[in-house]
Structures are given as structure tokens and as C-alpha cells.
$ cat work.cif   # mmCIF, C-alpha atoms
data_data
#
loop_
_atom_site.group_PDB
_atom_site.id
_atom_site.type_symbol
_atom_site.label_atom_id
_atom_site.label_comp_id
_atom_site.auth_asym_id
_atom_site.auth_seq_id
_atom_site.Cartn_x
_atom_site.Cartn_y
_atom_site.Cartn_z
ATOM 1 C CA MET O 1 -33.807 45.726 2.339
ATOM 2 C CA ILE O 2 -31.049 48.208 3.137
ATOM 3 C CA PHE O 3 -27.671 46.546 3.557
ATOM 4 C CA ARG O 4 -24.153 47.925 3.500
ATOM 5 C CA GLN O 5 -20.850 46.268 4.363
ATOM 6 C CA LEU O 6 -18.067 48.615 5.475
ATOM 7 C CA CYS O 7 -14.401 47.615 5.645
ATOM 8 C CA HIS O 8 -11.331 49.260 7.124
ATOM 9 C CA ALA O 9 -8.893 48.662 4.269
ATOM 10 C CA ARG O 10 -5.743 48.357 6.380
ATOM 11 C CA LYS O 11 -7.064 46.361 9.332
ATOM 12 C CA GLY O 12 -9.625 44.311 7.441
ATOM 13 C CA THR O 13 -12.240 44.860 10.163
ATOM 14 C CA LEU O 14 -15.845 44.838 8.992
ATOM 15 C CA SER O 15 -19.013 46.668 10.031
ATOM 16 C CA TYR O 16 -22.542 46.192 8.772
ATOM 17 C CA LEU O 17 -25.456 48.575 8.438
ATOM 18 C CA LEU O 18 -28.932 47.042 8.105
ATOM 19 C CA GLY O 19 -32.067 49.062 7.517
ATOM 20 C CA ASP O 20 -35.807 48.917 6.986
ATOM 21 C CA PRO O 21 -36.637 50.666 3.679
ATOM 22 C CA VAL O 22 -40.132 51.567 4.909
ATOM 23 C CA THR O 23 -39.564 53.058 8.363
ATOM 24 C CA ARG O 24 -35.880 53.975 7.689
ATOM 25 C CA GLU O 25 -34.892 52.480 11.051
ATOM 26 C CA ALA O 26 -31.420 50.932 11.000
ATOM 27 C CA VAL O 27 -28.936 48.990 13.117
ATOM 28 C CA LEU O 28 -25.149 48.886 13.013
ATOM 29 C CA ILE O 29 -23.167 45.735 13.752
ATOM 30 C CA ASP O 30 -19.632 46.144 15.167
ATOM 31 C CA PRO O 31 -18.720 49.837 14.816
ATOM 32 C CA VAL O 32 -15.161 50.440 13.583
ATOM 33 C CA PRO O 33 -13.676 53.690 14.996
ATOM 34 C CA GLU O 34 -12.010 54.739 11.737
ATOM 35 C CA LEU O 35 -15.268 54.347 9.789
ATOM 36 C CA LEU O 36 -17.559 56.418 12.006
ATOM 37 C CA ASP O 37 -17.345 59.598 9.905
ATOM 38 C CA SER O 38 -18.196 57.896 6.613
ATOM 39 C CA LEU O 39 -20.872 55.842 8.334
ATOM 40 C CA THR O 40 -22.505 58.925 9.856
ATOM 41 C CA ARG O 41 -22.543 60.652 6.466
ATOM 42 C CA PHE O 42 -24.146 57.622 4.845
ATOM 43 C CA ILE O 43 -26.856 57.464 7.527
ATOM 44 C CA HIS O 44 -27.705 61.148 7.072
ATOM 45 C CA GLU O 45 -27.625 60.995 3.270
ATOM 46 C CA ARG O 46 -30.025 58.037 3.236
ATOM 47 C CA GLY O 47 -32.305 59.524 5.868
ATOM 48 C CA LEU O 48 -31.846 56.576 8.217
ATOM 49 C CA ILE O 49 -32.631 56.485 11.939
ATOM 50 C CA LEU O 50 -30.059 54.477 13.864
ATOM 51 C CA THR O 51 -31.873 52.568 16.613
ATOM 52 C CA TYR O 52 -29.378 49.920 17.752
ATOM 53 C CA ILE O 53 -25.596 49.539 17.871
ATOM 54 C CA LEU O 54 -24.950 45.803 18.051
ATOM 55 C CA GLN O 55 -21.719 44.311 19.365
ATOM 56 C CA THR O 56 -20.729 40.738 18.477
ATOM 57 C CA HIS O 57 -17.822 40.677 20.944
ATOM 58 C CA TYR O 58 -15.938 42.942 23.319
ATOM 59 C CA THR O 59 -12.970 45.149 22.500
ATOM 60 C CA LYS O 60 -12.251 48.504 24.130
ATOM 61 C CA GLU O 61 -11.937 50.286 20.780
ATOM 62 C CA GLN O 62 -15.159 48.871 19.411
ATOM 63 C CA PHE O 63 -17.179 49.662 22.519
ATOM 64 C CA ALA O 64 -15.687 53.174 22.650
ATOM 65 C CA ALA O 65 -16.727 53.689 19.023
ATOM 66 C CA GLY O 66 -20.197 52.445 19.875
ATOM 67 C CA ALA O 67 -20.450 54.813 22.830
ATOM 68 C CA GLN O 68 -19.380 57.734 20.637
ATOM 69 C CA LEU O 69 -21.955 56.872 17.990
ATOM 70 C CA ARG O 70 -24.588 56.338 20.675
ATOM 71 C CA THR O 71 -24.043 59.854 22.023
ATOM 72 C CA GLY O 72 -24.453 61.450 18.622
ATOM 73 C CA SER O 73 -27.391 59.382 17.389
ATOM 74 C CA GLY O 74 -29.400 58.409 20.445
ATOM 75 C CA ALA O 75 -29.204 54.745 19.425
ATOM 76 C CA ARG O 76 -29.112 52.032 22.089
ATOM 77 C CA MET O 77 -25.929 49.972 22.382
ATOM 78 C CA VAL O 78 -26.478 46.268 22.992
ATOM 79 C CA ALA O 79 -24.340 43.185 23.608
ATOM 80 C CA HIS O 80 -24.529 39.849 25.373
ATOM 81 C CA GLU O 81 -25.406 40.022 29.054
ATOM 82 C CA SER O 82 -21.941 38.774 30.070
ATOM 83 C CA ALA O 83 -20.253 41.861 28.568
ATOM 84 C CA ARG O 84 -19.219 44.317 31.264
ATOM 85 C CA ASP O 85 -19.488 47.869 30.000
ATOM 86 C CA GLU O 86 -21.334 50.823 31.502
ATOM 87 C CA ALA O 87 -22.286 52.170 28.073
ATOM 88 C CA LEU O 88 -24.598 49.221 27.358
ATOM 89 C CA ASP O 89 -28.305 50.003 27.222
ATOM 90 C CA LEU O 90 -29.556 46.485 26.630
ATOM 91 C CA ARG O 91 -28.099 43.075 27.513
ATOM 92 C CA LEU O 92 -28.950 40.139 25.289
ATOM 93 C CA ARG O 93 -29.481 36.433 25.807
ATOM 94 C CA HIS O 94 -29.483 33.462 23.450
ATOM 95 C CA GLN O 95 -32.535 33.430 21.150
ATOM 96 C CA ASP O 96 -33.531 37.014 21.955
ATOM 97 C CA VAL O 97 -35.131 38.914 19.075
ATOM 98 C CA LEU O 98 -34.628 42.581 18.194
ATOM 99 C CA TYR O 99 -36.934 44.566 15.930
ATOM 100 C CA PHE O 100 -36.094 47.646 13.887
ATOM 101 C CA GLY O 101 -39.016 48.864 11.850
ATOM 102 C CA GLU O 102 -40.564 45.804 10.244
ATOM 103 C CA GLU O 103 -37.285 43.889 10.311
ATOM 104 C CA ARG O 104 -36.492 41.061 12.724
ATOM 105 C CA LEU O 105 -33.036 40.048 13.971
ATOM 106 C CA GLN O 106 -32.286 36.990 16.117
ATOM 107 C CA VAL O 107 -29.490 36.691 18.686
ATOM 108 C CA LEU O 108 -27.351 33.547 18.994
ATOM 109 C CA HIS O 109 -24.889 33.198 21.856
ATOM 110 C CA THR O 110 -21.703 31.794 20.280
ATOM 111 C CA PRO O 111 -18.938 31.923 22.914
ATOM 112 C CA GLY O 112 -15.430 30.608 22.380
ATOM 113 C CA GLN O 113 -13.379 33.573 21.267
ATOM 114 C CA SER O 114 -14.869 35.368 24.270
ATOM 115 C CA PRO O 115 -17.663 34.582 26.755
ATOM 116 C CA CYS O 116 -19.823 37.413 25.402
ATOM 117 C CA ALA O 117 -19.507 36.549 21.699
ATOM 118 C CA VAL O 118 -22.781 36.504 19.780
ATOM 119 C CA THR O 119 -23.927 36.002 16.202
ATOM 120 C CA TYR O 120 -26.847 37.893 14.677
ATOM 121 C CA PHE O 121 -29.220 36.260 12.193
ATOM 122 C CA TRP O 122 -31.126 38.484 9.765
ATOM 123 C CA GLU O 123 -33.036 37.494 6.632
ATOM 124 C CA ASP O 124 -30.767 34.929 4.935
ATOM 125 C CA ARG O 125 -27.482 35.828 6.598
ATOM 126 C CA LEU O 126 -25.422 35.397 9.747
ATOM 127 C CA PHE O 127 -23.158 38.094 11.165
ATOM 128 C CA THR O 128 -20.567 36.074 13.049
ATOM 129 C CA GLY O 129 -18.114 38.704 14.300
ATOM 130 C CA LYS O 130 -14.845 36.923 15.065
ATOM 131 C CA THR O 131 -16.460 33.586 15.893
ATOM 132 C CA LEU O 132 -16.276 32.350 12.304
ATOM 133 C CA LEU O 133 -14.411 33.962 9.408
ATOM 134 C CA VAL O 134 -14.226 32.945 5.744
ATOM 135 C CA ASN O 135 -12.856 29.397 5.958
ATOM 136 C CA SER O 136 -11.008 30.196 9.166
ATOM 137 C CA THR O 137 -11.247 30.941 12.854
ATOM 138 C CA LEU O 138 -9.086 32.950 15.216
ATOM 139 C CA PRO O 139 -6.862 31.180 17.765
ATOM 140 C CA CYS O 140 -8.354 30.239 21.112
ATOM 141 C CA SER O 141 -6.431 30.713 24.336
ATOM 142 C CA ASN O 142 -6.841 27.172 25.668
ATOM 143 C CA THR O 143 -8.470 23.782 25.147
ATOM 144 C CA ASP O 144 -11.675 24.729 26.961
ATOM 145 C CA ALA O 145 -12.135 27.807 24.778
ATOM 146 C CA ALA O 146 -11.509 25.745 21.631
ATOM 147 C CA ARG O 147 -14.087 23.187 22.755
ATOM 148 C CA ILE O 148 -16.658 25.912 23.457
ATOM 149 C CA LEU O 149 -15.974 27.576 20.095
ATOM 150 C CA TYR O 150 -16.318 24.214 18.349
ATOM 151 C CA GLN O 151 -19.684 23.655 20.024
ATOM 152 C CA SER O 152 -20.878 27.161 19.162
ATOM 153 C CA ILE O 153 -20.069 26.686 15.491
ATOM 154 C CA THR O 154 -21.410 23.149 15.141
ATOM 155 C CA GLN O 155 -24.508 23.493 17.318
ATOM 156 C CA HIS O 156 -25.633 27.040 16.527
ATOM 157 C CA LEU O 157 -24.222 28.000 13.109
ATOM 158 C CA LEU O 158 -23.744 24.919 10.927
ATOM 159 C CA THR O 159 -27.341 23.897 11.634
ATOM 160 C CA PHE O 160 -28.557 26.657 9.297
ATOM 161 C CA PRO O 161 -29.420 25.812 5.668
ATOM 162 C CA GLY O 162 -26.448 25.613 3.320
ATOM 163 C CA GLU O 163 -27.501 28.695 1.351
ATOM 164 C CA THR O 164 -27.282 30.878 4.478
ATOM 165 C CA LEU O 165 -24.706 33.624 3.957
ATOM 166 C CA VAL O 166 -21.959 34.225 6.519
ATOM 167 C CA TYR O 167 -20.661 37.765 7.003
ATOM 168 C CA PRO O 168 -17.660 37.830 9.390
ATOM 169 C CA GLY O 169 -16.186 40.665 11.426
ATOM 170 C CA LEU O 170 -12.759 40.336 9.821
ATOM 171 C CA GLU O 171 -11.781 39.618 6.242
ATOM 172 C CA ASN O 172 -9.497 36.679 5.477
ATOM 173 C CA LYS O 173 -7.187 36.804 2.451
ATOM 174 C CA GLY O 174 -9.358 39.518 0.960
ATOM 175 C CA ARG O 175 -12.593 37.562 1.336
ATOM 176 C CA ARG O 176 -15.526 39.045 3.245
ATOM 177 C CA LEU O 177 -18.320 36.582 2.539
ATOM 178 C CA THR O 178 -18.894 32.832 2.647
ATOM 179 C CA SER O 179 -21.812 30.447 3.169
ATOM 180 C CA ILE O 180 -22.712 27.595 5.477
ATOM 181 C CA GLU O 181 -22.472 25.209 2.518
ATOM 182 C CA GLU O 182 -18.916 26.302 1.704
ATOM 183 C CA ILE O 183 -17.846 25.905 5.328
ATOM 184 C CA ARG O 184 -19.333 22.412 5.499
ATOM 185 C CA ARG O 185 -17.685 21.417 2.228
ATOM 186 C CA LYS O 186 -14.197 22.749 2.937
ATOM 187 C CA ASP O 187 -13.794 22.148 6.642
ATOM 188 C CA GLN O 188 -13.068 18.749 8.139
ATOM 189 C CA TRP O 189 -12.708 19.853 11.767
ATOM 190 C CA PHE O 190 -16.442 19.974 12.301
ATOM 191 C CA HIS O 191 -17.076 16.378 11.237
ATOM 192 C CA ASN O 192 -15.614 14.496 14.185
ATOM 193 C CA GLN O 193 -15.980 14.588 17.955
ATOM 194 C CA HIS O 194 -12.354 15.599 18.545
ATOM 195 C CA GLY O 195 -12.433 18.523 16.146
ATOM 196 C CA HIS O 196 -11.727 21.079 18.865
ATOM 197 C CA ARG O 197 -8.496 19.233 19.746
ATOM 198 C CA GLU O 198 -7.381 19.395 16.129
ATOM 199 C CA MET O 199 -8.162 23.113 16.117
ATOM 200 C CA LEU O 200 -6.060 23.729 19.222
ATOM 201 C CA GLY O 201 -3.245 21.566 17.875
ATOM 202 C CA LYS O 202 -3.067 23.635 14.727
ATOM 203 C CA TYR O 203 -3.060 26.837 16.772
ATOM 204 C CA SER O 204 -0.131 25.532 18.821
ATOM 205 C CA ARG O 205 1.891 24.736 15.717
ATOM 206 C CA LEU O 206 1.224 28.047 14.013
ATOM 207 C CA PHE O 207 1.493 30.445 16.932
ATOM 208 C CA SER O 208 4.625 30.430 19.042
ATOM 209 C CA LYS O 209 5.689 33.074 21.570
ATOM 210 C CA ASP O 210 7.058 35.179 18.730
ATOM 211 C CA ALA O 211 3.813 35.103 16.757
ATOM 212 C CA HIS O 212 2.450 38.195 18.494
ATOM 213 C CA LYS O 213 5.523 40.364 17.938
ATOM 214 C CA THR O 214 5.162 43.199 15.462
ATOM 215 C CA ARG O 215 6.205 42.249 11.949
ATOM 216 C CA HIS O 216 6.956 44.827 9.300
ATOM 217 C CA ILE O 217 5.875 43.808 5.836
ATOM 218 C CA VAL O 218 7.058 45.712 2.789
ATOM 219 C CA LYS O 219 4.219 46.824 0.567
ATOM 220 C CA LYS O 220 4.677 45.780 -3.043
ATOM 221 C CA PRO O 221 4.436 48.523 -5.687
ATOM 222 C CA GLY O 222 0.829 48.952 -6.771
ATOM 223 C CA ALA O 223 -0.589 46.838 -3.954
ATOM 224 C CA SER O 224 -3.602 48.206 -2.105
ATOM 225 C CA ASP O 225 -3.812 48.466 1.674
ATOM 226 C CA GLU O 226 -6.188 45.500 1.625
ATOM 227 C CA GLU O 227 -3.358 43.327 0.293
ATOM 228 C CA VAL O 228 -0.956 44.282 3.064
ATOM 229 C CA HIS O 229 -1.201 42.175 6.226
ATOM 230 C CA ARG O 230 0.055 43.990 9.313
ATOM 231 C CA TYR O 231 0.579 42.126 12.567
ATOM 232 C CA SER O 232 0.602 43.930 15.897
ATOM 233 C CA PRO O 233 1.060 42.553 19.436
ATOM 234 C CA ASP O 234 -2.705 42.374 20.028
ATOM 235 C CA PHE O 235 -3.628 40.928 16.636
ATOM 236 C CA LYS O 236 -4.442 37.256 16.076
ATOM 237 C CA ALA O 237 -4.119 36.136 12.483
ATOM 238 C CA PRO O 238 -6.781 33.752 11.135
ATOM 239 C CA VAL O 239 -6.114 30.036 10.983
ATOM 240 C CA SER O 240 -7.275 28.553 7.684
ATOM 241 C CA LEU O 241 -9.563 25.566 7.933
#
$ encode --input "work.cif" --output "C-alpha cells"
Amino acid sequence: MIFRQLCHARKGTLSYLLGDPVTREAVLIDPVPELLDSLTRFIHERGLILTYILQTHYTKEQFAAGAQLRTGSGARMVAHESARDEALDLRLRHQDVLYFGEERLQVLHTPGQSPCAVTYFWEDRLFTGKTLLVNSTLPCSNTDAARILYQSITQHLLTFPGETLVYPGLENKGRRLTSIEEIRRKDQWFHNQHGHREMLGKYSRLFSKDAHKTRHIVKKPGASDEEVHRYSPDFKAPVSL
């Protein structure tokens, strides 16, 4: 197994490189623009062949980074079929399976944050993008989206064995890894039929009109970039469960 988690220290965004140690074929999940140079060096140093660039959700920056990497590597960029982007080579559906070398990766459609959101299942781990973070989710825009997200998490993710690892697309309070068991144990929203309403209610209390305004936070002496939380107009902070 070849596995590497990459993190943009300031933004907290996460990418994942998975590879077959025999054939050296590899896939990248959620390319981060600022990490492309270091990622490309790592691929060349390890003698890997990038075959797929996998997107868990749509953002202009992420798809642009994928298109750039696609041009330089010849890899195919893939996302859910509802994503609208000309750079896509392959459109995925729920329960589709992708192969790279002797490795197998399953696609789960997990909408809520966006209609094209997907989760990838490989070996003993789930790559959830922004659908599910470490003990948190991101705010939904309305009740329908919260309900859909709730269903995606309860029907497609929490059905996995407790020991299944969860690797999100964004770190939360410095954490970049959790498990299905931890989510079940700590979260109460997913244990009742009105959980999505509770989720939306908490979003409404925490995020007012001013929540998306830029906030300047003073960095404490000796603190790393990972400890500094920066909020921009297009950033949605996680809501703890």
C-alpha cells in the first residue's frame, strides 16, 4: 500500500495520494493548488504513474488544479456525473468502481454540501471530502440540503464497520483523521429522525450574516500556521458535532 496525506498548513485543506506498490499506478484525491509542486516531486521520486485525479466535490480552484495536473501527467480527471466541467474525462455514479493497478476504489454518492459530492472507499478507509469532517460538518444552505446531507451520512457512511477510518478534505481543530466508531459515539444528531433539523438549527445560531466577513486573527508567538484559523468570505467554518 502506498498512502500519503498532504495538508496545506494555512488553509487546512487535505489531499490524498494512493498507490499500488506493484504496478506503481496511483490516484490523487482532491488536488490542492498550492501543493501541486511538492506532489509532482513526490510522484517522480517514487516512480509513480498518476492514472486518476479524483474530485470529491466541486470548487473552481480544485478543478483548475486538477486540470493543470492532468495536462502534465496524462491522468484522467473524474467526478460525479452531476459536476459540470469540461475538463472531466470520466463521470461517476453511485457504486461505481475504479481500478488502479491491483487496487480497487468504490464510489459513494454523498450529496448535501453539493449535488456532486462523493466519498471514495479504499481498503479500510473513507475519503469524505467536505461531506464529513472530524466530529463536524460544514453548514448547509437550507433545510433540504441538511436533510440530504443527513441521509448521505447515515445511509451511506455510518453503515460501515466502526473500525473504518475517515479521512476528510479539511482538518478540524488540527485533526485530520477519525473513525466511524468515534463519529457514532460522539454524535447525537444521527440517532433520531429529526437530526437534520437539529443540524440546521445549530447552523442558524452559529452563522449570522456577519459570519462570512473576513476576520483577522493575530498569530500568537511560536504558533504554527496550522494553529491559525483564517476566515474569508467564501470559507465556511466547521460546526462541531
$ closest_residue --input "work.cif" --among "O:Ile180, O:Val134, O:Leu88, O:Ile148" --to "Pro168 of chain O" --atoms "all atoms listed in the file"
O:Val134
$ residues_around --input "work.cif" --residues "Glu171 of chain O" --least-positions-apart "2" --cutoff "8 Å" --atoms "all atoms listed in the file" --output "list of chain:residue names"
O:Gly12, O:Thr13, O:Leu14, O:Leu133, O:Val134, O:Pro168, O:Gly169, O:Lys173, O:Gly174, O:Arg175, O:Arg176
$ resolve_selection --input "work.cif" --expression "the PyMOL selection byres ((chain O and resi 33) around 7)" --output "list in words"
Pro31, Val32, Glu34, Leu35, Leu36, Glu61, Gln62 and Ala65 of chain O
$ atom_distance --input "work.cif" --atom1 "atom CA of Tyr150 of chain O" --atom2 "atom CA of Gln113 of chain O"
10.2 Å
$ residues_near_point --input "work.cif" --point "(-24.5, 31.4, 23.1)" --cutoff "7 Å" --atoms "all atoms listed in the file" --output "JSON, numbers by chain"
{"O": [94, 108, 109, 110, 111, 118, 152]}
$ closest_residue --input "work.cif" --among "O:Thr23, O:Ser82, O:Gln106, O:Gln95" --to "Glu123 of chain O" --atoms "all atoms listed in the file"
O:Gln106
$ residues_around --input "work.cif" --residues "Ala117 of chain O" --least-positions-apart "4" --cutoff "12 Å" --atoms "all atoms listed in the file" --output "PyMOL selection string"
chain O and resi 30+54-59+79-83+92-94+107-113+127-132+145+148-149+152-153+169
$ atom_distance --input "work.cif" --atom1 "atom CA of Pro21 of chain O" --atom2 "atom CA of Arg46 of chain O"
9.9 Å
$ atom_distance --input "work.cif" --atom1 "atom CA of Lys11 of chain O" --atom2 "atom CA of Leu28 of chain O"
18.6 Å
$ closest_residue --input "work.cif" --among "O:Gln5, O:Arg91, O:Thr51, O:Lys186" --to "Gly74 of chain O" --atoms "only C-alpha atoms"
O:Thr51
$ decode --input "work.cif" --residues "segment 9-38 of chain O" --atoms "N, CA, C and O atoms" --output "short mmCIF file (atom, residue, chain, number, x, y, z; two decimals), in the first residue's frame"
data_model
loop_
_atom_site.label_atom_id
_atom_site.label_comp_id
_atom_site.auth_asym_id
_atom_site.auth_seq_id
_atom_site.Cartn_x
_atom_site.Cartn_y
_atom_site.Cartn_z
N ALA O 9 -0.91 23.90 5.14
CA ALA O 9 -0.84 24.28 6.55
C ALA O 9 -1.74 25.45 6.92
O ALA O 9 -2.35 25.46 7.99
N ARG O 10 -1.85 26.44 6.04
CA ARG O 10 -2.64 27.62 6.39
C ARG O 10 -4.14 27.39 6.21
O ARG O 10 -4.94 27.75 7.06
N LYS O 11 -4.52 26.78 5.10
CA LYS O 11 -5.94 26.57 4.81
C LYS O 11 -6.51 25.33 5.48
O LYS O 11 -7.71 25.25 5.70
N GLY O 12 -5.66 24.36 5.76
CA GLY O 12 -6.15 23.12 6.36
C GLY O 12 -6.78 22.17 5.37
O GLY O 12 -7.37 21.16 5.75
N THR O 13 -6.67 22.47 4.06
CA THR O 13 -7.22 21.58 3.04
C THR O 13 -6.32 20.36 2.86
O THR O 13 -5.10 20.45 2.96
N LEU O 14 -6.95 19.23 2.57
CA LEU O 14 -6.23 17.96 2.53
C LEU O 14 -6.36 17.28 1.17
O LEU O 14 -7.43 17.28 0.55
N SER O 15 -5.25 16.69 0.72
CA SER O 15 -5.22 15.86 -0.48
C SER O 15 -4.68 14.49 -0.10
O SER O 15 -3.97 14.35 0.91
N TYR O 16 -4.98 13.51 -0.93
CA TYR O 16 -4.53 12.15 -0.65
C TYR O 16 -3.99 11.49 -1.91
O TYR O 16 -4.62 11.56 -2.97
N LEU O 17 -2.85 10.84 -1.76
CA LEU O 17 -2.25 10.09 -2.85
C LEU O 17 -2.26 8.61 -2.48
O LEU O 17 -1.73 8.22 -1.43
N LEU O 18 -2.88 7.79 -3.32
CA LEU O 18 -2.96 6.35 -3.10
C LEU O 18 -2.25 5.66 -4.24
O LEU O 18 -2.38 6.07 -5.40
N GLY O 19 -1.52 4.59 -3.94
CA GLY O 19 -0.79 3.92 -5.00
C GLY O 19 -0.70 2.42 -4.83
O GLY O 19 -0.80 1.89 -3.72
N ASP O 20 -0.51 1.75 -5.94
CA ASP O 20 -0.28 0.30 -5.97
C ASP O 20 1.22 0.08 -5.96
O ASP O 20 1.92 0.50 -6.88
N PRO O 21 1.76 -0.59 -4.92
CA PRO O 21 3.21 -0.79 -4.83
C PRO O 21 3.79 -1.70 -5.90
O PRO O 21 4.99 -1.68 -6.14
N VAL O 22 2.92 -2.48 -6.56
CA VAL O 22 3.40 -3.41 -7.58
C VAL O 22 3.49 -2.74 -8.94
O VAL O 22 4.55 -2.70 -9.58
N THR O 23 2.39 -2.17 -9.40
CA THR O 23 2.35 -1.56 -10.73
C THR O 23 2.80 -0.10 -10.72
O THR O 23 3.05 0.47 -11.78
N ARG O 24 2.84 0.52 -9.52
CA ARG O 24 3.20 1.93 -9.33
C ARG O 24 2.14 2.88 -9.84
O ARG O 24 2.37 4.09 -9.93
N GLU O 25 0.96 2.37 -10.19
CA GLU O 25 -0.14 3.25 -10.59
C GLU O 25 -0.70 3.93 -9.35
O GLU O 25 -0.79 3.32 -8.27
N ALA O 26 -1.11 5.20 -9.50
CA ALA O 26 -1.57 5.97 -8.35
C ALA O 26 -2.75 6.86 -8.72
O ALA O 26 -2.98 7.16 -9.89
N VAL O 27 -3.50 7.27 -7.69
CA VAL O 27 -4.59 8.22 -7.87
C VAL O 27 -4.44 9.33 -6.84
O VAL O 27 -3.89 9.11 -5.76
N LEU O 28 -4.93 10.50 -7.18
CA LEU O 28 -4.90 11.64 -6.27
C LEU O 28 -6.33 12.07 -5.98
O LEU O 28 -7.13 12.24 -6.90
N ILE O 29 -6.64 12.25 -4.71
CA ILE O 29 -7.96 12.71 -4.30
C ILE O 29 -7.88 14.18 -3.88
O ILE O 29 -7.09 14.54 -3.01
N ASP O 30 -8.67 15.02 -4.52
CA ASP O 30 -8.80 16.45 -4.21
C ASP O 30 -7.47 17.21 -4.29
O ASP O 30 -6.85 17.53 -3.27
N PRO O 31 -7.03 17.53 -5.50
CA PRO O 31 -5.78 18.30 -5.65
C PRO O 31 -5.89 19.70 -5.06
O PRO O 31 -6.87 20.40 -5.28
N VAL O 32 -4.89 20.09 -4.29
CA VAL O 32 -4.82 21.43 -3.71
C VAL O 32 -3.80 22.23 -4.53
O VAL O 32 -2.66 21.80 -4.67
N PRO O 33 -4.19 23.38 -5.08
CA PRO O 33 -3.29 24.13 -5.98
C PRO O 33 -1.91 24.38 -5.41
O PRO O 33 -0.90 24.21 -6.10
N GLU O 34 -1.85 24.78 -4.14
CA GLU O 34 -0.57 25.14 -3.52
C GLU O 34 0.34 23.94 -3.28
O GLU O 34 1.52 24.10 -2.96
N LEU O 35 -0.19 22.73 -3.41
CA LEU O 35 0.60 21.53 -3.13
C LEU O 35 1.04 20.79 -4.39
O LEU O 35 1.68 19.74 -4.30
N LEU O 36 0.71 21.33 -5.56
CA LEU O 36 0.99 20.61 -6.80
C LEU O 36 2.48 20.38 -7.02
O LEU O 36 2.89 19.30 -7.48
N ASP O 37 3.32 21.36 -6.71
CA ASP O 37 4.76 21.21 -6.94
C ASP O 37 5.34 20.10 -6.08
O ASP O 37 6.07 19.23 -6.57
N SER O 38 5.03 20.11 -4.79
CA SER O 38 5.57 19.08 -3.90
C SER O 38 4.98 17.72 -4.24
O SER O 38 5.67 16.69 -4.15
#
